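Q: I have a structure I would like to understand better, so I am pasting it below and will then ask my questions one at a time.
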Amino acid sequence: MALTKAEFGQGVRSALDDPQIRQNFRSAMDGLIRKRLSAFPDPDKLERLRLEAAEIRAKALSRLPDLLQQLEHNCTRNGIQVHWAETVEEANQIVLGIMQRHGATRMIKGKSMVSEEMGLNHFLEQHGIECLESDLGEFIIQLVGEAPSHIIAPAIHKNRFQVAEIFRDKFPDIPYTDDIEQLTRNAREILRRKFHDAPVGLSGVNFAVAETGTLCLVENEGNGRMCTTIPPVHIAVTGIEKVVERLSDVPPLLDILVGSATGQPITTYFNMISSPRRPGEQDGPEEVHLVLLDNGRSRIYQDEELIATLRCIRCGACMNHCPVYTRIGGHAYTSTIPGPIGSILEPQKKGLDQLGVLPTASTLCGACGAVCPVRIPIPQLLNRLRFEGVSKQSGKVPGAGSQRKRSEAAAWALWSWVHSHPALYRLATSMAGRLRGLLPNRIGAWTRVRTAPRLAARSLHQLMAREQKRS
Amino acid sequence: MNQARERILKRLRKDQPGRLPDRPPRKNLSPPRSMADNIQRFRERLEAVRAEVHLCRTEDWAGILRQLMQQKTLGNLRYGDQGPLAGAIRMAWEGHDDAPRLISHDNDIGNWKDELFDRTEAAVTSARWGIAETGTLVLWPTPEEPRSLSLVPPVHFAVLDSASLHDSFAGLVEQEQWSSGMPSNALLISGPSKTADIEQTLAYGIHGPIEMIVLLIH
């Protein structure tokens, strides 16, 4: 299911035409930008932290196969069962297998973008298994069958009144409220029983530590702890790139992740899981499973420039600072992960023939690259993917060349030819100057909201020549 | 699935980038802080996220705990009756017939899950360390003080010795040599549970405790 330029355009149009979406995103993103800024008041210190975090992630990637084996070894030694999946289909089957072995028909979920990537809820529901999202934002959008529009704040596109209406529709017995604290308390009451009863809990992973076989989860709500503490079985799903080498790598990454994401000094909970319940312990899951998902990551890994994509620690800062994301919101991208990082990651996973339009959803203003806590050169990679999309030679990314249009290629070939022949260039610019009155006023989409550019009567070359003659 | 493993590892090894060298040990950028300074920062950070911090002494913390329970009209308190706090708590409760009921547990959570979810009003646990920089309690739950005590009841009391305060998480991991052995679950807790998922507006008391009260022994 390729996302065509026209379909993407429609999605963008309908988002732009919805003042509620624009207002909800604008105010939320402005708030997140302010919070991040106040978390890092000293720009020099922030740069040092970014350098350090980028180095930790790059170093871990440079040793990835070894670290994955070390992680597997240590997890297994601790009693965590490790599973490998090349594709989302395999990963879904692994999770289903675990559910079926336990005769489980319900699952309670903490926030996991990898499970969104897998389409896990949909898959399990087809097999008669109920999946309940427990992160407040995810819970809200699941009630109305929507996808997350932001990786940190999944329901950011809804305001309190929209949330209040969803609660009124879905839980008519609970008195109506649009007070945020009361809405939160209502969700607490609804979900408590579910945590108590669930036979299986599922979570993502923020960092997997190879040195000790430890899975780290970052959260504020406590639902992640609930999902990984109360049900007898815990399944963690993660991409293979999330591994770090040492425990000492974790504190600096946690610092910069939380500061970049929400501007807090630390989240309420940092949950480090190294094994299932040990003998003598009275609670905690009896089984812990770790599913390592590839789904194209090992292919991204093979390109020395694109590998930087895999450094991402999913803070969402690039979205918060993106002028395009802020205006169109997360849903217009249609991909699992929206915004600048999604626009480089998703086409690499799914192919440029599917999502080749996404790298064009950028003004290349550079904000995403400037705030990225692990210094992913997002603008440079957007350009690389644009190039691969239209290049004639076969590129490394699947679907390279699929965005190539003959007319566009011919126009640029002509442009290149003219610009590399000085005499021709002078002739062309002087002709264009003389004939500028004949240029059309309406040139497609460009002039729908802008005035058409006018050529100057004389080119810079001509003006320079005249200046020199005068002096 | 082993095929998946082999194929993934093979692809990763095929074009593995040059191994980057080890990072030099992290330089500590800030000088060590004084105890008083650390206590103040710890307290400020926690109070900023709506936690309560009470400075106590070794001999009076359990009495303060009982008084706080009564002030907050909490009817019962779950604790580890074999844990490190048990002696002091029982002593402080002695002779106070109006004190909140103490409840404990043995065996598998299956036997006390209903009571934990439905009828437990507060729980108390010890904290192994604290982190001043972020206002954080570090818990390594034990068989005596299971992990769900700091999670499920609406009110969580934590008892921390100020001598266990560290400047930073990085320093704690290094000085206490975490890499030589991790517990099944290590927890950093910095305040009562919270969310900003609706309109980016902070609301306290979502899935974890609604209130967190720290008894800091100094």
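Chain labels A, B, ... are given in the sequence in which chains occur in the structure tokens; within each chain residues are numbered consecutively from 1, and ligands are likewise numbered from 1 in the order shown.
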Give me, as a PyMOL selection string, the residues of chain B touching chain A, with the criterion being at most 6 Å (counting only C-alpha atoms).
A: chain B and resi 4-5+9+12+15+17+19-20+107-109+134+143+170+184-191+193-195+197+199+203+206-208
Q: Taking only C-alpha atoms into account, which of A:Phe40, A:Glu286, A:Ser391, A:Lys35 comes nearest Gly110 (chain B)?
A: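 Of A:Phe40, A:Glu286, A:Ser391, A:Lys35, the one nearest Gly110 (chain B) is A:Glu286, counting only C-alpha atoms.
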Q: Got a sec: who's within 6 Å of region 55-57 of chain B, counting only C-alpha atoms, leaving out chain neighbours fewer than 5 positions off, as a PDB file with C-alpha atoms, in the first residue's frame?
A:
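Written file, out.pdb:
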ATOM      1  CA  LEU B 216      14.401  10.783  55.353  1.00  0.00           C
ATOM      2  CA  ILE B 217      16.422   9.697  58.337  1.00  0.00           C
ATOM      3  CA  HIS B 218      19.160  12.127  59.181  1.00  0.00           C
TER       4      HIS B 218
END
Q: Find the residues around Ser162 (chain B) up to 10 Å (only C-alpha atoms counted), leave out those fewer than 3 positions away in its own chain, and share them as a list in words.
A: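 Here the answer would be Met35, Ala36, Asn38, Ile39, Phe42, Leu55, Cys56, Trp129, Gly130, Ala132, Val159, Leu165, His166, Leu215, Leu216, Ile217 and His218 of chain B.
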Q: Which of these residues is nearest to Ala86 (chain B), using only C-alpha atoms: B:Glu145, B:Gln67, B:Asp37, B:Ala51?
A: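 Closest to Ala86 (chain B), using only C-alpha atoms: B:Glu145.
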Q: As a PyMOL selection string, please: the residues near Ile80 (chain A) (cut-off 6 Å, only C-alpha atoms, same-chain neighbours under 5 positions excluded).
A: chain A and resi 75+275+288-289
Q: Using the chain letters and numbers from this document, which residues of region 250-414 of chain A does DSSP assign to alpha helix (DSSP H), as a PyMOL selection string?
A: chain A and resi 250-262+297-300+317-320+323-328+339-350+352-355+367-371+378-390+406-414
Q: Keeping only C-alpha atoms, write those residues as a PDB file, in the first residue's frame.
A:
ATOM      1  CA  VAL A 250      22.427   4.193  30.810  1.00  0.00           C
ATOM      2  CA  PRO A 251      22.482   7.289  33.092  1.00  0.00           C
ATOM      3  CA  PRO A 252      23.654   9.766  30.409  1.00  0.00           C
ATOM      4  CA  LEU A 253      21.158   8.359  27.888  1.00  0.00           C
ATOM      5  CA  LEU A 254      18.334   8.521  30.416  1.00  0.00           C
ATOM      6  CA  ASP A 255      19.238  12.150  31.216  1.00  0.00           C
ATOM      7  CA  ILE A 256      19.147  13.325  27.652  1.00  0.00           C
ATOM      8  CA  LEU A 257      16.157  11.190  26.656  1.00  0.00           C
ATOM      9  CA  VAL A 258      13.934  12.551  29.397  1.00  0.00           C
ATOM     10  CA  GLY A 259      15.162  16.133  29.065  1.00  0.00           C
ATOM     11  CA  SER A 260      14.672  16.118  25.293  1.00  0.00           C
ATOM     12  CA  ALA A 261      11.282  14.443  25.459  1.00  0.00           C
ATOM     13  CA  THR A 262       9.488  16.241  28.269  1.00  0.00           C
ATOM     14  CA  ARG A 297      17.037  -2.706  10.695  1.00  0.00           C
ATOM     15  CA  SER A 298      19.925  -4.995   9.724  1.00  0.00           C
ATOM     16  CA  ARG A 299      19.627  -3.682   6.173  1.00  0.00           C
ATOM     17  CA  ILE A 300      19.745  -0.052   7.334  1.00  0.00           C
ATOM     18  CA  ALA A 317      12.194  16.189  20.050  1.00  0.00           C
ATOM     19  CA  CYS A 318      12.525  16.258  16.249  1.00  0.00           C
ATOM     20  CA  MET A 319       8.725  16.223  15.913  1.00  0.00           C
ATOM     21  CA  ASN A 320       8.211  18.868  18.570  1.00  0.00           C
ATOM     22  CA  PRO A 323       7.437  23.227  11.462  1.00  0.00           C
ATOM     23  CA  VAL A 324       5.824  20.663   9.153  1.00  0.00           C
ATOM     24  CA  TYR A 325       4.844  18.181  11.890  1.00  0.00           C
ATOM     25  CA  THR A 326       3.459  20.979  14.069  1.00  0.00           C
ATOM     26  CA  ARG A 327       1.113  22.026  11.270  1.00  0.00           C
ATOM     27  CA  ILE A 328      -0.022  18.686   9.893  1.00  0.00           C
ATOM     28  CA  GLY A 339       7.742  13.495  11.955  1.00  0.00           C
ATOM     29  CA  PRO A 340      11.335  13.916  10.782  1.00  0.00           C
ATOM     30  CA  ILE A 341      12.710  10.686  12.274  1.00  0.00           C
ATOM     31  CA  GLY A 342       9.739   8.780  10.819  1.00  0.00           C
ATOM     32  CA  SER A 343      10.392  10.348   7.429  1.00  0.00           C
ATOM     33  CA  ILE A 344      13.876   8.845   7.332  1.00  0.00           C
ATOM     34  CA  LEU A 345      13.189   5.597   9.203  1.00  0.00           C
ATOM     35  CA  GLU A 346       9.908   4.449   7.685  1.00  0.00           C
ATOM     36  CA  PRO A 347      10.855   4.693   3.971  1.00  0.00           C
ATOM     37  CA  GLN A 348      14.022   2.723   4.737  1.00  0.00           C
ATOM     38  CA  LYS A 349      11.979  -0.021   6.388  1.00  0.00           C
ATOM     39  CA  LYS A 350       9.094  -0.157   3.952  1.00  0.00           C
ATOM     40  CA  LEU A 352      10.888   4.286  -1.118  1.00  0.00           C
ATOM     41  CA  ASP A 353       8.297   2.872  -3.503  1.00  0.00           C
ATOM     42  CA  GLN A 354       5.897   2.768  -0.527  1.00  0.00           C
ATOM     43  CA  LEU A 355       6.779   5.839   1.506  1.00  0.00           C
ATOM     44  CA  ALA A 367      15.739  22.106  13.522  1.00  0.00           C
ATOM     45  CA  CYS A 368      15.380  18.319  13.833  1.00  0.00           C
ATOM     46  CA  GLY A 369      19.094  17.757  13.416  1.00  0.00           C
ATOM     47  CA  ALA A 370      19.932  20.606  15.786  1.00  0.00           C
ATOM     48  CA  VAL A 371      17.885  19.213  18.667  1.00  0.00           C
ATOM     49  CA  ILE A 378      18.257  14.049   9.907  1.00  0.00           C
ATOM     50  CA  PRO A 379      18.276  16.802   7.224  1.00  0.00           C
ATOM     51  CA  GLN A 380      21.243  15.160   5.494  1.00  0.00           C
ATOM     52  CA  LEU A 381      19.495  11.783   5.555  1.00  0.00           C
ATOM     53  CA  LEU A 382      16.260  13.331   4.241  1.00  0.00           C
ATOM     54  CA  ASN A 383      18.297  14.636   1.300  1.00  0.00           C
ATOM     55  CA  ARG A 384      19.949  11.275   0.811  1.00  0.00           C
ATOM     56  CA  LEU A 385      16.552   9.565   0.635  1.00  0.00           C
ATOM     57  CA  ARG A 386      15.194  12.218  -1.725  1.00  0.00           C
ATOM     58  CA  PHE A 387      18.203  11.558  -3.933  1.00  0.00           C
ATOM     59  CA  GLU A 388      17.814   7.777  -3.771  1.00  0.00           C
ATOM     60  CA  GLY A 389      14.129   8.164  -4.538  1.00  0.00           C
ATOM     61  CA  VAL A 390      14.801   9.864  -7.880  1.00  0.00           C
ATOM     62  CA  ARG A 406      10.887  11.706 -16.623  1.00  0.00           C
ATOM     63  CA  SER A 407       9.819  15.334 -16.928  1.00  0.00           C
ATOM     64  CA  GLU A 408      11.505  16.310 -13.670  1.00  0.00           C
ATOM     65  CA  ALA A 409      14.682  14.427 -14.599  1.00  0.00           C
ATOM     66  CA  ALA A 410      14.720  16.120 -18.022  1.00  0.00           C
ATOM     67  CA  ALA A 411      14.226  19.554 -16.472  1.00  0.00           C
ATOM     68  CA  TRP A 412      17.169  19.049 -14.135  1.00  0.00           C
ATOM     69  CA  ALA A 413      19.332  17.631 -16.930  1.00  0.00           C
ATOM     70  CA  LEU A 414      18.630  20.789 -18.936  1.00  0.00           C
TER      71      LEU A 414
END
Q: Have a look at CA of Pro21 (chain B) and CA of Ser180 (chain B) and let me know their distance in Å, one decimal.
A: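 Taking CA of Pro21 (chain B) as the start and CA of Ser180 (chain B) as the end point, the length is 22.4 Å.
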Q: Among the residues of region 245-383 of chain A, find those DSSP assigns to strand (DSSP E) from the backbone and print them as a list in words.
A: Tyr269, Phe270, Asn271, Met272, Ile273, Glu287, Val288, His289, Leu290, Val291, Leu292 and Leu293 of chain A
Q: Selection from above, N, CA and C atoms, as a JSON list (two decimals), in the first residue's frame, can you write it?
A:
[["chain", "number", "residue", "atom", "x", "y", "z"],
["A", 269, "TYR", "N", 9.19, 6.91, 36.97],
["A", 269, "TYR", "CA", 9.72, 5.54, 37.11],
["A", 269, "TYR", "C", 10.80, 5.26, 36.08],
["A", 270, "PHE", "N", 11.87, 4.63, 36.55],
["A", 270, "PHE", "CA", 12.84, 4.01, 35.65],
["A", 270, "PHE", "C", 12.94, 2.58, 36.15],
["A", 271, "ASN", "N", 12.46, 1.67, 35.31],
["A", 271, "ASN", "CA", 12.20, 0.30, 35.71],
["A", 271, "ASN", "C", 13.22, -0.60, 35.04],
["A", 272, "MET", "N", 14.06, -1.27, 35.83],
["A", 272, "MET", "CA", 15.13, -2.09, 35.27],
["A", 272, "MET", "C", 14.86, -3.56, 35.60],
["A", 273, "ILE", "N", 14.59, -4.33, 34.56],
["A", 273, "ILE", "CA", 14.18, -5.72, 34.74],
["A", 273, "ILE", "C", 15.31, -6.63, 34.29],
["A", 287, "GLU", "N", 7.41, -15.61, 34.20],
["A", 287, "GLU", "CA", 8.10, -15.76, 32.91],
["A", 287, "GLU", "C", 8.33, -14.38, 32.32],
["A", 288, "VAL", "N", 9.55, -14.16, 31.79],
["A", 288, "VAL", "CA", 9.81, -12.93, 31.04],
["A", 288, "VAL", "C", 10.36, -13.34, 29.67],
["A", 289, "HIS", "N", 9.76, -12.77, 28.63],
["A", 289, "HIS", "CA", 10.20, -13.04, 27.26],
["A", 289, "HIS", "C", 10.70, -11.75, 26.64],
["A", 290, "LEU", "N", 11.76, -11.86, 25.85],
["A", 290, "LEU", "CA", 12.26, -10.71, 25.09],
["A", 290, "LEU", "C", 12.21, -11.07, 23.62],
["A", 291, "VAL", "N", 11.46, -10.28, 22.84],
["A", 291, "VAL", "CA", 11.38, -10.50, 21.40],
["A", 291, "VAL", "C", 12.22, -9.44, 20.71],
["A", 292, "LEU", "N", 13.26, -9.88, 20.00],
["A", 292, "LEU", "CA", 14.15, -8.97, 19.27],
["A", 292, "LEU", "C", 13.71, -8.91, 17.81],
["A", 293, "LEU", "N", 13.27, -7.74, 17.38],
["A", 293, "LEU", "CA", 12.73, -7.60, 16.02],
["A", 293, "LEU", "C", 13.72, -6.90, 15.10]]
Q: Mind giving me the straight-line distance from CA of Pro19 (chain A) to CA of Ile151 (chain A) in Å, one decimal?
A: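 Straight-line distance from CA of Pro19 (chain A) to CA of Ile151 (chain A) works out to 21.8 Å.
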Q: Would you mind telling me which residue in B:Leu137, B:Met212, B:Ala123, B:Ile131 lies nearest to Gln40 (chain B) when using only C-alpha atoms?
A: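 The shortest atom-to-atom distance to Gln40 (chain B) comes from B:Ile131.
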Q: Please identify all polymer residues within 12 Å of Phe157 (chain B), counting only C-alpha atoms, omitting same-chain residues fewer than 3 positions from it, and present them as a CSV table (one decimal) with C-alpha atoms, in the first residue's frame.
A:
chain,number,residue,atom,x,y,z
B,51,ALA,CA,6.0,14.3,47.0
B,52,GLU,CA,6.3,14.9,50.7
B,53,VAL,CA,9.6,14.7,52.4
B,54,HIS,CA,9.9,14.5,56.2
B,61,TRP,CA,10.6,7.9,62.0
B,62,ALA,CA,8.2,5.1,62.8
B,64,ILE,CA,6.1,10.0,62.5
B,65,LEU,CA,4.9,7.4,60.1
B,66,ARG,CA,2.1,6.4,62.5
B,68,LEU,CA,1.1,10.7,59.2
B,69,MET,CA,-1.1,7.7,58.7
B,74,LEU,CA,-5.5,5.9,56.3
B,77,LEU,CA,-0.6,-0.1,56.2
B,78,ARG,CA,1.0,-2.9,54.3
B,79,TYR,CA,4.6,-3.6,55.3
B,85,LEU,CA,11.6,-1.7,59.0
B,121,GLU,CA,-4.7,2.0,51.7
B,122,ALA,CA,-1.0,2.5,52.1
B,123,ALA,CA,2.3,0.6,52.0
B,124,VAL,CA,5.7,1.3,53.4
B,125,THR,CA,9.1,0.1,52.1
B,126,SER,CA,12.7,0.9,52.6
B,127,ALA,CA,14.7,2.6,49.9
B,137,LEU,CA,14.5,6.8,45.5
B,149,LEU,CA,4.2,-2.5,47.5
B,150,SER,CA,5.6,0.6,46.0
B,151,LEU,CA,3.2,0.4,43.0
B,153,PRO,CA,-1.5,1.0,47.0
B,154,PRO,CA,-2.6,4.6,46.6
B,160,LEU,CA,15.6,6.4,53.4
B,189,ILE,CA,11.1,6.3,41.7
B,191,GLY,CA,7.5,11.1,43.0
B,192,PRO,CA,3.9,9.9,42.8
B,209,PRO,CA,0.6,5.7,43.9
B,210,ILE,CA,-1.3,9.0,44.1
B,211,GLU,CA,0.8,10.1,47.0
B,212,MET,CA,4.4,9.5,47.9
B,213,ILE,CA,5.8,10.3,51.3
B,214,VAL,CA,9.5,10.1,52.0
B,215,LEU,CA,10.8,9.7,55.6
B,216,LEU,CA,14.4,10.8,55.4
Q: Find the distance between CA of Pro422 (chain A) and CA of Ser459 (chain A) and write it in Å to one decimal.
A: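 CA of Ser459 (chain A) lies 13.3 Å from CA of Pro422 (chain A).
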